[in-house]
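Below is one structure; the comments refer to it alone.
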Amino acid sequence: MAQTATKHAPLGAATILHVVNAFTTAFDDAFEWNKNRKTRKVLSGLTDAQLDDIGLERSEIAKI
């Protein structure tokens with residue numbers, strides 16, 4: 001017969017997990033935002049001809 005787990009997580013473990021997940025998500029979001037900001041900054045410095053070479057238009061930079 002299969003046994004089922006009867007032990008419970010320590011009190012507060014779920015709360016700690018949620019807090020850690022919130023910080024991890026916030027860090028990941030900030031990292032992604034900064035990466036996109038840097039990309040937009042570099043792309044903004046390119047000429048229209050250079051943007052055309054990579055298949056972008058200046059108006060598309062803001063969408064990144």
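Quick note on naming: the chains in the structure tokens go A, B, ... in the order shown, residues restart at 1 in each chain, and ligands are numbered from 1 in order of appearance.
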Any idea what's packed within 10 Å of stretch 28-37 of chain A, counting only C-alpha atoms, ignoring anything in its chain fewer than 6 positions away? Could you give it as a ChimeraX atom specification? /A:22,43,61-64
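In this comparison, which uses only C-alpha atoms, the residue of A:Val20, A:Leu56, A:Ala14, A:Ala26 approaching A:Ser44 most closely is A:Leu56.
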